[in-house]
>>> print(open('run05.cif').read())   # mmCIF, C-alpha atoms
data_model
#
loop_
_atom_site.label_atom_id
_atom_site.label_comp_id
_atom_site.auth_asym_id
_atom_site.auth_seq_id
_atom_site.Cartn_x
_atom_site.Cartn_y
_atom_site.Cartn_z
CA MET G 1 -79.03 -60.37 -33.13
CA VAL G 2 -80.44 -59.86 -36.63
CA ASP G 3 -80.56 -62.74 -39.05
CA ILE G 4 -81.92 -62.25 -42.56
CA GLN G 5 -82.35 -65.43 -44.54
CA ASN G 6 -83.08 -65.45 -48.26
CA MET G 7 -85.31 -62.45 -47.90
CA SER G 8 -87.07 -60.98 -50.94
CA PHE G 9 -89.26 -57.92 -51.00
CA GLY G 10 -90.81 -55.59 -53.56
CA TYR G 11 -93.51 -52.95 -53.51
CA ARG G 12 -94.91 -54.26 -56.77
CA ARG G 13 -95.41 -57.89 -57.58
CA HIS G 14 -93.07 -58.24 -60.52
CA SER G 15 -90.29 -55.85 -59.61
CA PRO G 16 -88.54 -57.13 -56.50
CA LEU G 17 -86.42 -54.49 -54.83
CA LEU G 18 -84.56 -56.91 -52.58
CA HIS G 19 -83.76 -60.36 -53.83
CA LYS G 20 -82.68 -63.24 -51.60
CA VAL G 21 -80.84 -61.04 -49.13
CA GLN G 22 -78.60 -62.78 -46.60
CA LEU G 23 -77.30 -60.73 -43.69
CA SER G 24 -76.33 -61.32 -40.07
CA LEU G 25 -75.74 -58.50 -37.61
CA SER G 26 -74.29 -59.01 -34.14
CA ARG G 27 -74.32 -57.15 -30.87
CA GLY G 28 -71.36 -54.97 -29.98
CA HIS G 29 -71.03 -53.44 -33.44
CA ILE G 30 -71.96 -50.30 -35.33
CA TYR G 31 -72.87 -51.15 -38.90
CA GLY G 32 -72.84 -48.57 -41.68
CA LEU G 33 -75.40 -49.41 -44.37
CA LEU G 34 -74.55 -47.75 -47.67
CA GLY G 35 -76.47 -47.81 -50.91
CA LYS G 36 -77.39 -45.55 -53.81
CA ASN G 37 -80.64 -43.61 -53.83
CA GLY G 38 -83.44 -46.08 -54.37
CA ALA G 39 -81.27 -49.12 -53.69
CA GLY G 40 -83.67 -50.18 -50.96
CA LYS G 41 -81.80 -49.21 -47.79
CA SER G 42 -84.86 -47.93 -45.98
CA THR G 43 -86.89 -50.88 -47.22
CA LEU G 44 -84.31 -53.30 -45.88
CA LEU G 45 -84.33 -51.52 -42.51
CA LYS G 46 -88.14 -51.63 -42.37
CA ASN G 47 -88.06 -55.37 -43.01
CA ILE G 48 -85.49 -55.80 -40.24
CA VAL G 49 -87.65 -54.09 -37.63
CA GLY G 50 -90.95 -55.62 -38.75
CA LEU G 51 -92.49 -52.58 -40.45
CA ALA G 52 -92.51 -54.36 -43.81
CA PHE G 53 -93.07 -58.07 -44.34
CA PRO G 54 -90.75 -60.15 -46.51
CA GLN G 55 -92.42 -61.81 -49.50
CA ALA G 56 -90.02 -64.72 -49.24
CA GLY G 57 -87.48 -65.75 -46.66
CA GLN G 58 -87.46 -64.19 -43.23
CA CYS G 59 -86.05 -61.53 -40.93
CA LEU G 60 -85.29 -62.78 -37.45
CA ILE G 61 -84.47 -60.80 -34.33
CA ASP G 62 -82.92 -63.04 -31.69
CA GLY G 63 -84.39 -66.00 -33.54
CA VAL G 64 -87.96 -64.66 -33.65
CA SER G 65 -89.58 -63.46 -36.86
CA ALA G 66 -89.75 -59.65 -36.78
CA GLN G 67 -93.11 -59.55 -38.53
CA ARG G 68 -94.80 -61.27 -35.57
CA ARG G 69 -94.14 -58.02 -33.68
CA LEU G 70 -94.16 -59.69 -30.30
CA PRO G 71 -94.07 -57.17 -27.44
CA SER G 72 -90.97 -58.95 -26.10
CA MET G 73 -89.27 -58.21 -29.42
CA LEU G 74 -90.60 -54.68 -29.85
CA GLU G 75 -89.25 -53.55 -26.48
CA GLU G 76 -85.80 -54.62 -27.71
CA VAL G 77 -85.96 -52.61 -30.96
CA TYR G 78 -85.86 -48.90 -31.72
CA PHE G 79 -86.24 -47.66 -35.29
CA LEU G 80 -85.54 -44.03 -36.09
CA ALA G 81 -87.07 -43.27 -39.46
CA GLU G 82 -85.59 -40.72 -41.80
CA GLU G 83 -88.72 -38.60 -41.76
CA LEU G 84 -89.81 -37.84 -38.27
CA TYR G 85 -93.22 -37.52 -36.81
CA VAL G 86 -93.02 -35.36 -33.72
CA PRO G 87 -96.20 -34.75 -31.71
CA ALA G 88 -97.13 -31.41 -30.15
CA LEU G 89 -95.91 -32.48 -26.74
CA THR G 90 -93.14 -31.35 -24.45
CA ALA G 91 -90.20 -33.66 -23.95
CA ALA G 92 -91.50 -34.68 -20.53
CA GLN G 93 -94.95 -35.51 -21.94
CA PHE G 94 -93.41 -37.46 -24.80
CA VAL G 95 -91.30 -39.47 -22.37
CA ALA G 96 -94.29 -40.10 -20.11
CA ASN G 97 -96.27 -41.48 -23.08
CA THR G 98 -93.55 -43.45 -24.85
CA ALA G 99 -90.75 -44.49 -22.52
CA GLY G 100 -92.93 -47.09 -20.79
CA PHE G 101 -92.60 -49.35 -23.84
CA TYR G 102 -88.85 -49.63 -23.25
CA PRO G 103 -88.02 -51.27 -19.92
CA ARG G 104 -84.38 -50.18 -19.99
CA PHE G 105 -85.11 -46.51 -20.77
CA ARG G 106 -82.95 -44.19 -18.67
CA GLN G 107 -84.12 -40.62 -18.04
CA GLU G 108 -80.69 -39.47 -16.84
CA GLU G 109 -79.12 -40.60 -20.12
CA LEU G 110 -81.74 -38.70 -22.12
CA THR G 111 -81.04 -35.58 -20.06
CA ARG G 112 -77.30 -35.96 -20.66
CA TYR G 113 -77.67 -36.50 -24.42
CA LEU G 114 -80.05 -33.54 -24.78
CA HIS G 115 -77.62 -31.40 -22.86
CA GLU G 116 -74.76 -32.47 -25.09
CA PHE G 117 -76.86 -31.84 -28.22
CA GLU G 118 -77.90 -28.45 -26.84
CA VAL G 119 -81.59 -29.24 -27.26
CA PRO G 120 -83.85 -27.30 -24.88
CA ALA G 121 -85.35 -29.81 -22.45
CA HIS G 122 -88.72 -28.16 -21.87
CA ALA G 123 -89.81 -26.95 -25.31
CA VAL G 124 -92.79 -28.31 -27.24
CA LEU G 125 -91.22 -30.77 -29.68
CA SER G 126 -93.23 -29.79 -32.77
CA LYS G 127 -92.11 -26.17 -32.31
CA LEU G 128 -88.42 -27.07 -32.57
CA SER G 129 -86.46 -26.78 -35.81
CA PHE G 130 -86.03 -29.95 -37.90
CA GLY G 131 -82.45 -30.43 -36.73
CA GLN G 132 -83.44 -30.01 -33.08
CA GLN G 133 -86.31 -32.49 -33.50
CA LYS G 134 -83.94 -34.96 -35.05
CA LYS G 135 -81.44 -34.58 -32.22
CA PHE G 136 -84.21 -35.06 -29.67
CA MET G 137 -85.29 -38.29 -31.34
CA ILE G 138 -81.68 -39.55 -31.58
CA ALA G 139 -81.22 -38.83 -27.88
CA PHE G 140 -84.48 -40.61 -27.03
CA ALA G 141 -83.61 -43.57 -29.26
CA LEU G 142 -80.25 -44.02 -27.51
CA ALA G 143 -81.77 -43.62 -24.05
CA THR G 144 -84.21 -46.50 -24.67
CA ASN G 145 -81.19 -48.84 -24.45
CA THR G 146 -82.74 -51.36 -26.80
CA GLY G 147 -80.59 -54.25 -27.99
CA LEU G 148 -81.21 -53.25 -31.60
CA LEU G 149 -81.06 -49.62 -32.68
CA VAL G 150 -81.72 -48.87 -36.33
CA MET G 151 -81.28 -45.33 -37.64
CA ASP G 152 -82.16 -44.27 -41.16
CA GLU G 153 -80.03 -41.28 -42.22
CA PRO G 154 -79.63 -39.93 -38.68
CA THR G 155 -77.13 -37.22 -39.66
CA ASN G 156 -79.41 -35.65 -42.30
CA GLY G 157 -80.29 -32.15 -41.21
CA LEU G 158 -77.67 -31.96 -38.47
CA ASP G 159 -75.38 -28.93 -38.49
CA ILE G 160 -71.59 -29.27 -38.36
CA PRO G 161 -71.08 -29.29 -34.56
CA SER G 162 -74.06 -31.62 -34.15
CA LYS G 163 -72.41 -34.23 -36.34
CA ALA G 164 -69.39 -34.32 -34.05
CA GLN G 165 -71.71 -34.49 -31.04
CA PHE G 166 -73.57 -37.33 -32.73
CA ARG G 167 -70.37 -39.33 -33.23
CA ARG G 168 -69.31 -38.67 -29.65
CA ILE G 169 -72.65 -39.78 -28.22
CA MET G 170 -72.89 -42.86 -30.46
CA ALA G 171 -69.34 -43.95 -29.59
CA SER G 172 -70.03 -43.70 -25.88
CA ALA G 173 -73.42 -45.44 -26.15
CA LEU G 174 -72.26 -48.63 -27.86
CA THR G 175 -72.05 -51.55 -25.45
CA GLU G 176 -71.51 -55.25 -26.00
CA GLU G 177 -75.26 -55.76 -25.66
CA ARG G 178 -76.23 -53.33 -28.39
CA CYS G 179 -76.31 -53.65 -32.14
CA MET G 180 -76.48 -50.36 -34.01
CA VAL G 181 -77.28 -49.97 -37.68
CA ILE G 182 -76.93 -46.61 -39.40
CA SER G 183 -77.82 -46.01 -43.01
CA THR G 184 -76.18 -43.03 -44.62
CA HIS G 185 -75.15 -41.20 -47.75
CA GLN G 186 -72.64 -39.08 -45.91
CA VAL G 187 -69.87 -41.61 -45.38
CA ARG G 188 -67.45 -38.99 -44.13
CA ASP G 189 -69.67 -38.32 -41.14
CA LEU G 190 -69.21 -41.85 -39.91
CA ASP G 191 -65.70 -42.73 -40.99
CA SER G 192 -64.20 -43.89 -37.71
CA LEU G 193 -67.48 -44.58 -35.95
CA ILE G 194 -68.67 -47.65 -37.82
CA ASP G 195 -66.75 -50.91 -37.57
CA THR G 196 -68.47 -52.79 -40.38
CA VAL G 197 -69.54 -51.63 -43.84
CA VAL G 198 -72.57 -53.13 -45.52
CA VAL G 199 -73.24 -52.12 -49.13
CA LEU G 200 -76.64 -52.78 -50.66
CA HIS G 201 -76.60 -52.88 -54.44
CA ASP G 202 -78.85 -54.45 -57.09
CA GLY G 203 -81.18 -55.89 -54.47
CA GLN G 204 -78.42 -57.77 -52.69
CA ILE G 205 -75.73 -57.31 -50.07
CA ALA G 206 -72.75 -56.55 -52.30
CA LEU G 207 -70.29 -56.14 -49.47
CA ASN G 208 -70.31 -56.87 -45.73
CA HIS G 209 -66.85 -56.49 -44.22
CA SER G 210 -65.33 -55.09 -41.08
CA LEU G 211 -62.99 -52.14 -41.60
CA ASP G 212 -60.22 -54.26 -40.05
CA GLN G 213 -60.74 -56.97 -42.67
CA LEU G 214 -60.73 -54.36 -45.42
CA THR G 215 -57.46 -52.77 -44.29
CA ASP G 216 -55.89 -56.23 -44.02
CA GLN G 217 -56.87 -57.13 -47.56
CA LEU G 218 -56.73 -53.83 -49.41
CA THR G 219 -54.49 -50.85 -49.91
CA PHE G 220 -55.99 -47.47 -50.75
CA ALA G 221 -53.43 -45.41 -52.60
CA THR G 222 -52.97 -42.52 -54.99
CA LEU G 223 -50.97 -43.71 -57.98
CA PRO G 224 -49.36 -41.56 -60.67
CA THR G 225 -51.59 -41.37 -63.74
CA THR G 226 -48.86 -43.06 -65.76
CA ASP G 227 -48.72 -46.04 -63.37
CA THR G 228 -50.04 -49.18 -64.98
CA THR G 229 -49.99 -51.63 -62.05
CA PRO G 230 -53.10 -53.76 -62.13
CA VAL G 231 -55.68 -52.39 -59.72
CA LEU G 232 -58.91 -53.75 -58.28
CA TYR G 233 -60.56 -50.43 -58.90
CA ALA G 234 -59.39 -46.94 -59.78
CA GLU G 235 -60.74 -43.48 -60.41
CA ASP G 236 -58.88 -40.66 -62.09
CA SER G 237 -58.51 -37.50 -60.10
CA VAL G 238 -56.43 -34.35 -60.30
CA ARG G 239 -53.97 -35.81 -57.77
CA GLY G 240 -53.53 -39.01 -59.78
CA ARG G 241 -55.34 -42.33 -59.87
CA GLN G 242 -57.18 -43.07 -56.65
CA ALA G 243 -56.82 -46.82 -56.57
CA ILE G 244 -57.68 -49.88 -54.56
CA VAL G 245 -55.03 -52.59 -54.87
CA PRO G 246 -54.46 -55.84 -52.99
CA ASN G 247 -52.58 -55.28 -49.76
CA ALA G 248 -49.38 -57.16 -50.45
CA THR G 249 -47.18 -55.90 -47.62
CA GLY G 250 -49.62 -55.84 -44.73
CA ALA G 251 -49.05 -52.10 -44.33
CA TYR G 252 -51.94 -49.99 -43.13
CA SER G 253 -53.85 -47.56 -45.29
CA ARG G 254 -57.04 -45.87 -44.28
CA VAL G 255 -60.19 -47.19 -45.96
CA ASP G 256 -61.56 -44.59 -48.37
CA LEU G 257 -65.25 -45.38 -47.93
CA GLU G 258 -66.32 -43.28 -50.88
CA LEU G 259 -63.94 -45.05 -53.25
CA LEU G 260 -64.88 -48.42 -51.76
CA PHE G 261 -68.57 -47.66 -52.23
CA ASN G 262 -68.04 -46.61 -55.85
CA ALA G 263 -66.06 -49.78 -56.45
CA ALA G 264 -68.73 -51.99 -54.91
CA THR G 265 -71.54 -50.41 -56.90
CA SER G 266 -69.75 -49.92 -60.23
CA GLY G 267 -70.46 -53.47 -61.32
CA SER G 268 -67.30 -53.59 -63.38
CA SER G 269 -64.64 -53.84 -60.73
CA THR G 270 -62.72 -56.93 -59.75
CA LEU G 271 -62.90 -55.88 -56.12
CA LEU G 272 -65.89 -57.94 -55.02
CA PRO G 273 -64.63 -61.29 -56.36
CA TYR G 274 -61.26 -60.52 -54.75
CA LEU G 275 -62.85 -59.88 -51.35
CA LYS G 276 -64.96 -63.02 -51.64
CA GLN G 277 -61.93 -65.26 -51.95
CA PRO G 278 -60.88 -66.75 -48.64
CA SER G 279 -57.78 -64.85 -47.54
CA TYR G 280 -55.48 -67.90 -47.74
CA ALA G 281 -56.22 -68.15 -51.47
CA GLN G 282 -55.03 -64.63 -52.15
CA PRO G 283 -51.63 -64.04 -53.64
CA VAL G 284 -49.35 -62.42 -51.10
CA MET A 1 -52.28 -36.46 -35.39
CA LEU A 2 -54.25 -35.95 -32.24
CA ALA A 3 -53.95 -32.60 -30.60
CA CYS A 4 -55.68 -30.91 -27.73
CA VAL A 5 -57.02 -27.66 -29.09
CA LYS A 6 -58.87 -26.00 -26.29
CA SER A 7 -59.98 -26.50 -22.75
CA LYS A 8 -63.63 -26.18 -21.91
CA CYS A 9 -64.90 -26.41 -18.33
CA ASN A 10 -61.81 -28.37 -17.22
CA GLN A 11 -62.69 -30.93 -19.83
CA GLU A 12 -60.25 -31.28 -22.66
CA GLU A 13 -61.77 -30.98 -26.07
CA ILE A 14 -59.83 -33.28 -28.33
CA ASN A 15 -59.56 -32.53 -32.00
CA MET A 16 -59.24 -35.85 -33.69
CA GLU A 17 -57.65 -35.90 -37.03
CA PHE A 18 -56.04 -39.19 -37.82
CA LYS A 19 -53.16 -39.84 -40.17
CA ASP A 20 -53.96 -42.02 -43.16
CA ASN A 21 -50.94 -44.29 -42.95
CA GLU A 22 -51.16 -45.77 -39.46
CA ALA A 23 -53.95 -47.83 -37.94
CA ILE A 24 -56.18 -45.68 -35.75
CA TYR A 25 -55.78 -47.96 -32.74
CA LEU A 26 -52.00 -47.48 -32.92
CA GLN A 27 -52.38 -43.72 -33.23
CA ILE A 28 -54.52 -43.74 -30.10
CA ALA A 29 -51.88 -45.87 -28.34
CA GLY A 30 -49.27 -43.28 -29.34
CA TYR A 31 -51.48 -40.48 -28.05
CA MET A 32 -51.93 -42.25 -24.70
CA SER A 33 -48.22 -43.02 -24.44
CA ASP A 34 -47.48 -39.32 -25.03
CA HIS A 35 -49.77 -38.48 -22.11
CA ILE A 36 -47.77 -40.86 -19.93
CA LEU A 37 -44.37 -39.57 -21.08
CA LEU A 38 -45.44 -35.98 -20.54
CA GLY A 39 -46.50 -36.86 -17.01
CA LYS A 40 -50.17 -35.96 -17.61
CA TRP A 41 -51.05 -39.45 -16.41
CA ALA A 42 -49.04 -40.64 -13.42
CA GLY A 43 -48.32 -44.21 -12.32
CA ASP A 44 -51.35 -45.99 -10.79
CA GLU A 45 -53.64 -43.18 -11.95
CA LYS A 46 -57.03 -44.22 -13.32
CA ILE A 47 -57.42 -43.51 -17.03
CA PRO A 48 -60.65 -42.92 -19.00
CA SER A 49 -62.81 -45.97 -19.65
CA VAL A 50 -62.97 -47.40 -23.17
CA ARG A 51 -66.35 -45.78 -23.76
CA GLU A 52 -65.28 -42.40 -22.39
CA LEU A 53 -62.22 -42.25 -24.61
CA ALA A 54 -64.17 -43.55 -27.62
CA GLY A 55 -66.67 -40.76 -27.06
CA ASP A 56 -63.97 -38.10 -26.70
CA LEU A 57 -62.21 -39.28 -29.86
CA GLN A 58 -65.45 -40.03 -31.74
CA VAL A 59 -64.25 -43.47 -32.72
CA ASN A 60 -65.77 -46.91 -32.43
CA PRO A 61 -65.27 -48.35 -28.91
CA ASN A 62 -63.98 -51.59 -30.45
CA THR A 63 -61.05 -49.59 -31.86
CA VAL A 64 -60.26 -48.19 -28.42
CA MET A 65 -60.61 -51.67 -26.89
CA ARG A 66 -57.93 -52.82 -29.31
CA THR A 67 -55.67 -49.99 -28.11
CA TYR A 68 -56.24 -50.97 -24.48
CA ASP A 69 -55.51 -54.62 -25.27
CA LEU A 70 -52.24 -53.60 -26.88
CA LEU A 71 -51.20 -51.31 -24.03
CA GLN A 72 -52.08 -54.02 -21.50
CA GLN A 73 -49.98 -56.50 -23.40
CA GLN A 74 -47.12 -53.97 -23.42
CA GLU A 75 -47.62 -53.56 -19.64
CA VAL A 76 -48.19 -49.83 -19.99
CA ILE A 77 -51.65 -50.02 -18.43
CA TYR A 78 -53.37 -52.61 -16.27
CA ASN A 79 -56.95 -53.61 -15.58
CA LYS A 80 -58.46 -53.84 -12.13
CA ARG A 81 -61.53 -55.97 -12.42
CA GLY A 82 -64.64 -53.86 -11.95
CA LEU A 83 -62.65 -50.68 -11.35
CA GLY A 84 -61.28 -49.87 -14.77
CA PHE A 85 -57.88 -49.27 -16.30
CA PHE A 86 -54.86 -47.74 -14.57
CA VAL A 87 -51.43 -46.53 -15.64
CA ALA A 88 -48.77 -49.11 -14.76
CA PRO A 89 -46.34 -47.85 -12.09
CA GLU A 90 -43.40 -48.16 -14.47
CA ALA A 91 -45.37 -47.06 -17.53
CA ALA A 92 -43.12 -44.15 -18.56
CA GLN A 93 -39.99 -46.34 -18.56
CA GLN A 94 -41.92 -49.03 -20.39
CA VAL A 95 -43.05 -46.59 -23.11
CA LYS A 96 -39.51 -45.27 -23.48
CA ALA A 97 -38.09 -48.79 -23.76
CA LEU A 98 -40.66 -49.72 -26.41
CA ARG A 99 -40.01 -46.56 -28.40
CA LYS A 100 -36.25 -47.00 -28.13
CA GLU A 101 -36.61 -50.55 -29.40
CA ARG A 102 -38.75 -49.37 -32.32
CA PHE A 103 -36.29 -46.58 -33.13
CA LEU A 104 -33.32 -48.94 -33.11
CA GLN A 105 -35.17 -51.51 -35.21
CA GLN A 106 -36.83 -49.27 -37.77
CA GLU A 107 -35.63 -45.69 -37.89
CA LEU A 108 -31.93 -46.14 -37.18
CA PRO A 109 -31.33 -48.51 -40.14
CA GLU A 110 -33.01 -45.93 -42.40
CA PHE A 111 -30.70 -43.29 -40.98
CA PHE A 112 -27.66 -45.52 -41.51
CA LYS A 113 -28.73 -46.14 -45.08
CA THR A 114 -28.76 -42.41 -45.82
CA VAL A 115 -25.53 -41.80 -43.93
CA SER A 116 -23.64 -44.43 -45.88
CA LEU A 117 -25.23 -43.44 -49.18
CA LEU A 118 -24.04 -39.86 -48.74
CA ASP A 119 -20.60 -40.86 -47.34
CA ILE A 120 -21.10 -39.02 -44.08
CA SER A 121 -18.49 -40.10 -41.56
CA LEU A 122 -19.46 -41.17 -38.06
CA GLU A 123 -17.09 -38.50 -36.74
CA GLU A 124 -19.12 -35.85 -38.50
CA VAL A 125 -22.31 -37.31 -37.08
CA GLN A 126 -20.73 -37.39 -33.61
CA GLU A 127 -19.62 -33.78 -33.90
CA ARG A 128 -23.02 -32.59 -35.00
CA TYR A 129 -24.74 -34.62 -32.31
CA THR A 130 -22.55 -33.00 -29.64
CA ARG A 131 -23.40 -29.56 -31.02
CA PHE A 132 -27.09 -30.49 -31.08
CA GLN A 133 -26.96 -31.52 -27.41
CA GLN A 134 -25.25 -28.25 -26.48
CA GLU A 135 -27.93 -26.26 -28.29
CA GLN A 136 -30.61 -28.25 -26.53
CA THR A 137 -29.21 -27.55 -23.06
CA ALA A 138 -28.78 -23.88 -23.96
CA THR A 139 -32.40 -23.44 -24.97
CA LEU A 140 -33.83 -25.32 -22.00
CA PRO A 141 -35.77 -23.03 -19.67
CA SER A 142 -33.82 -22.54 -16.44
#
>>> encode(input="run05.cif", output="structure tokens")
Amino acid sequence: MVDIQNMSFGYRRHSPLLHKVQLSLSRGHIYGLLGKNGAGKSTLLKNIVGLAFPQAGQCLIDGVSAQRRLPSMLEEVYFLAEELYVPALTAAQFVANTAGFYPRFRQEELTRYLHEFEVPAHAVLSKLSFGQQKKFMIAFALATNTGLLVMDEPTNGLDIPSKAQFRRIMASALTEERCMVISTHQVRDLDSLIDTVVVLHDGQIALNHSLDQLTDQLTFATLPTTDTTPVLYAEDSVRGRQAIVPNATGAYSRVDLELLFNAATSGSSTLLPYLKQPSYAQPV
Amino acid sequence: MLACVKSKCNQEEINMEFKDNEAIYLQIAGYMSDHILLGKWAGDEKIPSVRELAGDLQVNPNTVMRTYDLLQQQEVIYNKRGLGFFVAPEAAQQVKALRKERFLQQELPEFFKTVSLLDISLEEVQERYTRFQQEQTATLPS
């Protein structure tokens, strides 16, 4: 669905933010895009959907360059920015003005999502609270049924029950025809929702693995502080050393996304080279 | 583990909290098998679609698809093209057989290991097991 080839981008000429990024995203998956503040997550997403133009390389959507912004491509893409602009319209007026751009938009889905999110269906959007506005836009984005749905920090500003509702709605909205990309800081919100983790660090894709691959290759464990087994990455905590070690036995351990993210962005760990090895080359 | 916490408008609200040491798709398979053993889902009854269950559990549909693949392969559920998934007529027996097999393969050897390590005789085990069965029948609601 999305194919990024050798893409570079920077807001100023001599300080590229993204450097020769390579990334492919397929339909039927929910990708979690993680990165530190200022790593360029939003910039990457804007390049994907054609809101920013790569300075080198290209971003393709179904083989067509996103920056050409062809109507046939735009009706297949919905981008939900982190900061919303919500006009002073009622939901019905907003739908009447906007839904026409998305041929597969379904009013009954929007109604169902709004009901589940407990957003009043007839209020003027700009009069709603920030969280309610956000939930309205998430519901609208999902109801457009575009092949590519990109959401920048969708769970920001959602209260606790809304986050569970968000996961429920997202899980039921994924089909084999849709590719969903969610950028986030709050990894715990998305734990079992995403199937693939993409980490952006130092202008490049540091990690792009499915959770299944990660559990096959890695074990996440708490080791006693005195334990000196070689680890791929470890952090000291009150409970002991939170460690990532090679998965030698094939046993399952749940991926600790926070620890994985810290490992991928620490620069010093041996984790990334280990994951890059083809699995047959790894000691068992 | 998965547990139903409250009922709301006839629709079960499922509180999903997964264990850290077993793959989520297996935990969901266990949860579905429990439903079948407890008789909540009868033979040839239609079960939730992959997307419905993924929504209820707030997990990625691909994870639930993996569960359904496994349960199909174990002949606990079956797929009717275009209609969805159904509980196999002999599903409860099938689940029991699979669990018995797993118990005999994995848990029983562990039990034997402890029993022999602590020099507990099989007679003592037998005696206690008989007492356990008696207590069970006594506490059963009439």
>>> resolve_selection(input="run05.cif", expression="the PyMOL selection byres ((chain G) within 8 of (chain A))", output="number ranges by chain")
G: 29-30, 164, 167-174, 192-195, 252-254
>>> resolve_selection(input="run05.cif", expression="the PyMOL selection byres ((chain G and resi 239) around 10)", output="list in words")
Thr222, Leu223, Pro224, Thr225, Asp236, Ser237, Val238, Gly240, Arg241 and Gln242 of chain G
>>> closest_residue(input="run05.cif", among="G:Gly100, G:Gly267, G:Gly40, G:Gly32", to="Phe9 (chain G)", atoms="all atoms listed in the file")
G:Gly40
>>> axis_aligned_box(input="run05.cif", around="region 136-139 of chain G", padding_each_side="5 Å", output="lines of an AutoDock Vina configuration file")
center_x = -83.3
center_y = -37.3
center_z = -29.7
size_x = 14.1
size_y = 14.5
size_z = 13.7
>>> resolve_selection(input="run05.cif", expression="the PyMOL selection byres ((chain G and resi 83-93) around 9)", output="number ranges by chain")
G: 80-82, 94-98, 121-127, 130, 133-134, 136-137, 152
>>> write_last_selection(input="run05.cif", atoms="C-alpha atoms", output="PDB file, in the frame of the given file")
ATOM      1  CA  LEU G  80     -85.540 -44.030 -36.090  1.00  0.00           C
ATOM      2  CA  ALA G  81     -87.070 -43.270 -39.460  1.00  0.00           C
ATOM      3  CA  GLU G  82     -85.590 -40.720 -41.800  1.00  0.00           C
ATOM      4  CA  PHE G  94     -93.410 -37.460 -24.800  1.00  0.00           C
ATOM      5  CA  VAL G  95     -91.300 -39.470 -22.370  1.00  0.00           C
ATOM      6  CA  ALA G  96     -94.290 -40.100 -20.110  1.00  0.00           C
ATOM      7  CA  ASN G  97     -96.270 -41.480 -23.080  1.00  0.00           C
ATOM      8  CA  THR G  98     -93.550 -43.450 -24.850  1.00  0.00           C
ATOM      9  CA  ALA G 121     -85.350 -29.810 -22.450  1.00  0.00           C
ATOM     10  CA  HIS G 122     -88.720 -28.160 -21.870  1.00  0.00           C
ATOM     11  CA  ALA G 123     -89.810 -26.950 -25.310  1.00  0.00           C
ATOM     12  CA  VAL G 124     -92.790 -28.310 -27.240  1.00  0.00           C
ATOM     13  CA  LEU G 125     -91.220 -30.770 -29.680  1.00  0.00           C
ATOM     14  CA  SER G 126     -93.230 -29.790 -32.770  1.00  0.00           C
ATOM     15  CA  LYS G 127     -92.110 -26.170 -32.310  1.00  0.00           C
ATOM     16  CA  PHE G 130     -86.030 -29.950 -37.900  1.00  0.00           C
ATOM     17  CA  GLN G 133     -86.310 -32.490 -33.500  1.00  0.00           C
ATOM     18  CA  LYS G 134     -83.940 -34.960 -35.050  1.00  0.00           C
ATOM     19  CA  PHE G 136     -84.210 -35.060 -29.670  1.00  0.00           C
ATOM     20  CA  MET G 137     -85.290 -38.290 -31.340  1.00  0.00           C
ATOM     21  CA  ASP G 152     -82.160 -44.270 -41.160  1.00  0.00           C
TER      22      ASP G 152
END
>>> atom_distance(input="run05.cif", atom1="CA of Ile61 (chain G)", atom2="CA of Val2 (chain G)")
4.7 Å
>>> atom_distance(input="run05.cif", atom1="CA of Leu275 (chain G)", atom2="CA of Gln217 (chain G)")
7.6 Å
>>> closest_residue(input="run05.cif", among="G:Pro71, G:Pro16, G:Gly28, G:Gly250", to="Leu149 (chain G)", atoms="all atoms listed in the file")
G:Gly28
>>> residues_near_point(input="run05.cif", point="(-79.3, -59.8, -44.6)", cutoff="8 Å", atoms="only C-alpha atoms", output="VMD selection string")
chain G and resid 3 to 7 21 to 25 59 205
>>> atom_distance(input="run05.cif", atom1="CA of Ile182 (chain G)", atom2="CA of Tyr31 (chain G)")
6.1 Å
>>> build_atoms(input="run05.cif", residues="region 150-156 of chain G", atoms="N, CA and C atoms", output="short mmCIF file (atom, residue, chain, number, x, y, z; two decimals), keeping the file's coordinate frame")
data_model
loop_
_atom_site.label_atom_id
_atom_site.label_comp_id
_atom_site.auth_asym_id
_atom_site.auth_seq_id
_atom_site.Cartn_x
_atom_site.Cartn_y
_atom_site.Cartn_z
N VAL G 150 -81.84 -49.05 -34.89
CA VAL G 150 -81.72 -48.87 -36.33
C VAL G 150 -82.02 -47.42 -36.65
N MET G 151 -81.09 -46.75 -37.33
CA MET G 151 -81.28 -45.33 -37.64
C MET G 151 -81.13 -45.11 -39.14
N ASP G 152 -82.18 -44.53 -39.72
CA ASP G 152 -82.16 -44.27 -41.16
C ASP G 152 -81.73 -42.82 -41.37
N GLU G 153 -80.56 -42.63 -41.93
CA GLU G 153 -80.03 -41.28 -42.22
C GLU G 153 -80.08 -40.36 -40.99
N PRO G 154 -79.50 -40.77 -39.88
CA PRO G 154 -79.63 -39.93 -38.68
C PRO G 154 -78.91 -38.58 -38.80
N THR G 155 -77.89 -38.48 -39.63
CA THR G 155 -77.13 -37.22 -39.66
C THR G 155 -77.70 -36.21 -40.66
N ASN G 156 -78.74 -36.61 -41.40
CA ASN G 156 -79.41 -35.65 -42.30
C ASN G 156 -80.00 -34.51 -41.50
#
